[in-house]
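S.K.: First, the structure itself, so that you have it in front of you.
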There are 2 protein chains.
Amino acid sequence: MRVRAITMSKKDDTYNLIVDQSLLLFNTKGIHQTSIQDIMNSTSLPKGAIYRRFENKHEIALVAYEKAGGIIWTFMQNAIKDKATATEKIIAISEIYLDAVHNPPIEGGCPMLNTAIESDSTFPELKQVMSTAFEGMSQFVIGIISEGKDSGEFSKELDPSSLASYILSSMEGAIMTSRLTLNNEHIYSNIKYMKILLLGFTNK
Amino acid sequence: MRVRAITMSKKDDTYNLIVDQSLLLFNTKGIHQTSIQDIMNSTSLPKGAIYRRFENKHEIALVAYEKAGGIIWTFMQNAIKDKATATEKIIAISEIYLDAVHNPPIEGGCPMLNTAIESDSTFPELKQVMSTAFEGMSQFVIGIISEGKDSGEFSKELDPSSLASYILSSMEGAIMTSRLTLNNEHIYSNIKYMKILLLGFTNK
């Protein structure tokens, strides 16, 4: 590894431009199909401006996808902030990807889904970053479900951990099948049956 | 495109060896990260033996993933054959990926999930092949649900199309999150809540 001067990795506007443009390229074309030349073209920066700030493409990808996790996290926080009940909060989270095909929060689709596959056997550091992001989201949804139990909205028998796993998994799956078939109906199906399922756990 | 003699593309043992080994490489490393050299190494074949049978790597990928779709299709058919009720059949299909982390039907995980992401914007012919495979599986699950309605097992109000979409999406999502976190608990959550949901539609 090359040794870089500390000042060279400072997070200036150029650093942010590289991260943002790279995230767009990675999330639409894939990391492995994005070259440093693509990032140079997209940012209109010379190679040196990139290599003064990042060791290599993998380092850019780790920073870019950590940022992507933060963007989705913000979408989730904003989605629930005006919602009163746990059910409303869970549905609001599921609706973040209502137009998964044409207008996802980050162009190219869910960053977690995209990297989970692309990094499956070939980029363990990135897989670790996204796995940690997923665990964070799980804890967030577990918290919402637990609040719903404490308030008496949901049955005391409901297990927050497995339900959070199911909510997030089925949401990811619906994004994947909607983008595969270019049809958001799978997102609508996900929300429809999630509502039915939650209603079954709701105290009348 | 190069013109190939018809006899050169015949589907001999070498052709099948190339397809099988390539599928393994594509589904574990990704198509874009697999080179013709990798396929040569894996098959112990010279370059000419590959190029006499396939135009390029993309052609191998299309054939390999069409075969993958057939493999999953066979798993689904086998899973349901001894099952009496629609519920049992749907759960049996969900259980194909019970050990998604360590022992999926095809090494590397679900071929549909892997290609849906990898081909999203960069390999439209493959995306089309996998979208068609997904539609075939949807029709298969719709058929099972419709039989369940006809036999009186399920409520007449149940909509087979949206439920099939939900079943397959949530299954794909659970495979993805299990492989991301290296924990099959998401598969178990999927099966647990699918059973609860189906029970809600079952005539008592």
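Simple scheme: letters A, B, ... for chains in structure tokens order, numbers from 1 for residues in each chain, numbers from 1 for ligands in the order shown.
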What residues in chain A lie within 8 Å of chain B, counting only C-alpha atoms, written as a PyMOL selection string?
M.R.: chain A and resi 28-30+32-33+113-114+116-118+120-122+127+130-131+162-163+165-166+168-174+176-177+179-181+185-186+189-190+193+196-197
S.K.: With only C-alpha atoms as the counted atoms, please give the residues lying no more than 10 Å from B:Asp38, apart from itself and same-chain residues fewer than 5 positions off, as number ranges by chain.
M.R.: B: 21-22, 25, 33, 43-44
S.K.: Which residues come within 12 Å of A:Gly152, counting only C-alpha atoms, excluding same-chain residues fewer than 2 positions away, as a list of chain:residue names?
M.R.: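 Selected residues are A:Thr85, A:Ala86, A:Ile145, A:Ser146, A:Glu147, A:Gly148, A:Lys149, A:Asp150, A:Phe154, A:Ser155, A:Lys156, A:Glu157, A:Leu158, A:Phe201, A:Thr202, A:Asn203, A:Lys204.
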S.K.: Mind writing the picked residues with C-alpha atoms as a PDB file, in the first residue's frame?
M.R.:
```
ATOM      1  CA  THR A  85     -48.729   3.932  15.446  1.00  0.00           C
ATOM      2  CA  ALA A  86     -46.186   1.141  14.970  1.00  0.00           C
ATOM      3  CA  ILE A 145     -42.399  -3.258  16.966  1.00  0.00           C
ATOM      4  CA  SER A 146     -41.413  -3.315  20.652  1.00  0.00           C
ATOM      5  CA  GLU A 147     -42.985   0.109  21.157  1.00  0.00           C
ATOM      6  CA  GLY A 148     -46.133  -1.248  19.509  1.00  0.00           C
ATOM      7  CA  LYS A 149     -46.178  -4.118  22.013  1.00  0.00           C
ATOM      8  CA  ASP A 150     -45.543  -1.808  24.984  1.00  0.00           C
ATOM      9  CA  PHE A 154     -49.673  -5.354  19.145  1.00  0.00           C
ATOM     10  CA  SER A 155     -50.212  -8.688  20.862  1.00  0.00           C
ATOM     11  CA  LYS A 156     -47.804  -9.534  23.680  1.00  0.00           C
ATOM     12  CA  GLU A 157     -46.964 -12.800  21.842  1.00  0.00           C
ATOM     13  CA  LEU A 158     -45.413 -10.985  18.886  1.00  0.00           C
ATOM     14  CA  PHE A 201     -51.175  -9.091  15.477  1.00  0.00           C
ATOM     15  CA  THR A 202     -53.122  -5.945  16.363  1.00  0.00           C
ATOM     16  CA  ASN A 203     -55.194  -5.910  19.532  1.00  0.00           C
ATOM     17  CA  LYS A 204     -58.807  -5.113  18.663  1.00  0.00           C
TER      18      LYS A 204
END
```
S.K.: As an exercise, work out the distance from atom CA of B:Tyr65 to atom CA of B:Pro104 in Å and give it to one decimal place.
M.R.: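 The value is 15.4 Å.
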S.K.: Just checking: using only C-alpha atoms, which residue out of A:Lys83, A:Pro46, A:Pro124, A:Met76 ends up closest to A:Glu95?
M.R.: A:Met76
S.K.: Please identify all polymer residues within 8 Å of A:Ile36, counting only C-alpha atoms, omitting same-chain residues fewer than 2 positions from it, and present them as an mmCIF file with all heavy atoms, in the first residue's frame.
M.R.:
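Final output, saved to around.cif:
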```
data_model
loop_
_atom_site.group_PDB
_atom_site.id
_atom_site.type_symbol
_atom_site.label_atom_id
_atom_site.label_comp_id
_atom_site.auth_asym_id
_atom_site.auth_seq_id
_atom_site.Cartn_x
_atom_site.Cartn_y
_atom_site.Cartn_z
ATOM 1 N N THR A 34 -17.294 -0.534 -12.878
ATOM 2 C CA THR A 34 -16.933 0.884 -12.854
ATOM 3 C C THR A 34 -15.417 1.006 -12.746
ATOM 4 O O THR A 34 -14.815 0.418 -11.844
ATOM 5 C CB THR A 34 -17.603 1.580 -11.649
ATOM 6 O OG1 THR A 34 -19.023 1.462 -11.780
ATOM 7 C CG2 THR A 34 -17.218 3.046 -11.576
ATOM 8 N N ASP A 38 -13.962 5.797 -15.475
ATOM 9 C CA ASP A 38 -15.376 6.208 -15.417
ATOM 10 C C ASP A 38 -15.562 7.310 -14.370
ATOM 11 O O ASP A 38 -16.316 8.261 -14.581
ATOM 12 C CB ASP A 38 -16.276 5.021 -15.028
ATOM 13 C CG ASP A 38 -16.362 3.957 -16.117
ATOM 14 O OD1 ASP A 38 -16.228 4.311 -17.297
ATOM 15 O OD2 ASP A 38 -16.566 2.782 -15.752
ATOM 16 N N ILE A 39 -14.886 7.143 -13.236
ATOM 17 C CA ILE A 39 -15.017 8.132 -12.152
ATOM 18 C C ILE A 39 -14.359 9.449 -12.583
ATOM 19 O O ILE A 39 -14.901 10.537 -12.327
ATOM 20 C CB ILE A 39 -14.394 7.580 -10.840
ATOM 21 C CG1 ILE A 39 -15.162 6.317 -10.406
ATOM 22 C CG2 ILE A 39 -14.407 8.638 -9.736
ATOM 23 C CD1 ILE A 39 -14.518 5.548 -9.251
ATOM 24 N N MET A 40 -13.236 9.361 -13.283
ATOM 25 C CA MET A 40 -12.590 10.575 -13.819
ATOM 26 C C MET A 40 -13.526 11.296 -14.793
ATOM 27 O O MET A 40 -13.695 12.512 -14.722
ATOM 28 C CB MET A 40 -11.278 10.204 -14.530
ATOM 29 C CG MET A 40 -10.165 9.766 -13.587
ATOM 30 S SD MET A 40 -8.819 8.888 -14.462
ATOM 31 C CE MET A 40 -8.274 10.144 -15.632
ATOM 32 N N LYS A 47 -6.725 11.875 -12.749
ATOM 33 C CA LYS A 47 -6.471 10.676 -11.948
ATOM 34 C C LYS A 47 -5.833 11.017 -10.593
ATOM 35 O O LYS A 47 -6.200 10.464 -9.556
ATOM 36 C CB LYS A 47 -5.570 9.718 -12.733
ATOM 37 C CG LYS A 47 -5.412 8.351 -12.109
ATOM 38 C CD LYS A 47 -4.590 7.390 -12.984
ATOM 39 C CE LYS A 47 -5.448 6.798 -14.092
ATOM 40 N NZ LYS A 47 -4.729 5.757 -14.856
ATOM 41 N N LYS A 57 -10.111 1.892 -5.879
ATOM 42 C CA LYS A 57 -11.562 1.892 -6.114
ATOM 43 C C LYS A 57 -12.310 1.269 -4.936
ATOM 44 O O LYS A 57 -13.404 1.734 -4.578
ATOM 45 C CB LYS A 57 -11.863 1.130 -7.410
ATOM 46 C CG LYS A 57 -13.307 1.218 -7.848
ATOM 47 C CD LYS A 57 -13.527 0.526 -9.184
ATOM 48 C CE LYS A 57 -13.510 -0.980 -9.037
ATOM 49 N NZ LYS A 57 -13.916 -1.678 -10.279
#
```
S.K.: Using DSSP on the backbone, list every residue of stretch 38-184 of chain B that comes out as helix (DSSP H, G or I), and give them as a VMD selection string.
M.R.: chain B and resid 38 to 43 47 to 51 57 to 80 86 to 97 111 to 118 124 to 150 160 to 181
S.K.: Within 12 Å of A:Gln77, counting only C-alpha atoms, which residues show up once you throw out same-chain ones fewer than 5 positions away? Write them as a PyMOL selection string, please.
M.R.: chain A and resi 70-72+82-83+89-90+92-93+96+137+140-141+144
S.K.: As an exercise, work out the distance from atom CA of B:Trp73 to atom CA of B:Pro105 in Å and give it to one decimal place.
M.R.: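 Value for the atom CA of B:Trp73-atom CA of B:Pro105 distance: 10.6 Å.
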S.K.: Would you kindly return, as JSON, numbers by chain, each protein, DNA or RNA residue with an atom no farther than 10 Å from any atom of B:Val63, considering only C-alpha atoms and excluding same-chain residues fewer than 3 positions away?
M.R.: {"B": [16, 19, 20, 22, 23, 54, 58, 59, 60, 66, 67, 68, 126, 129]}
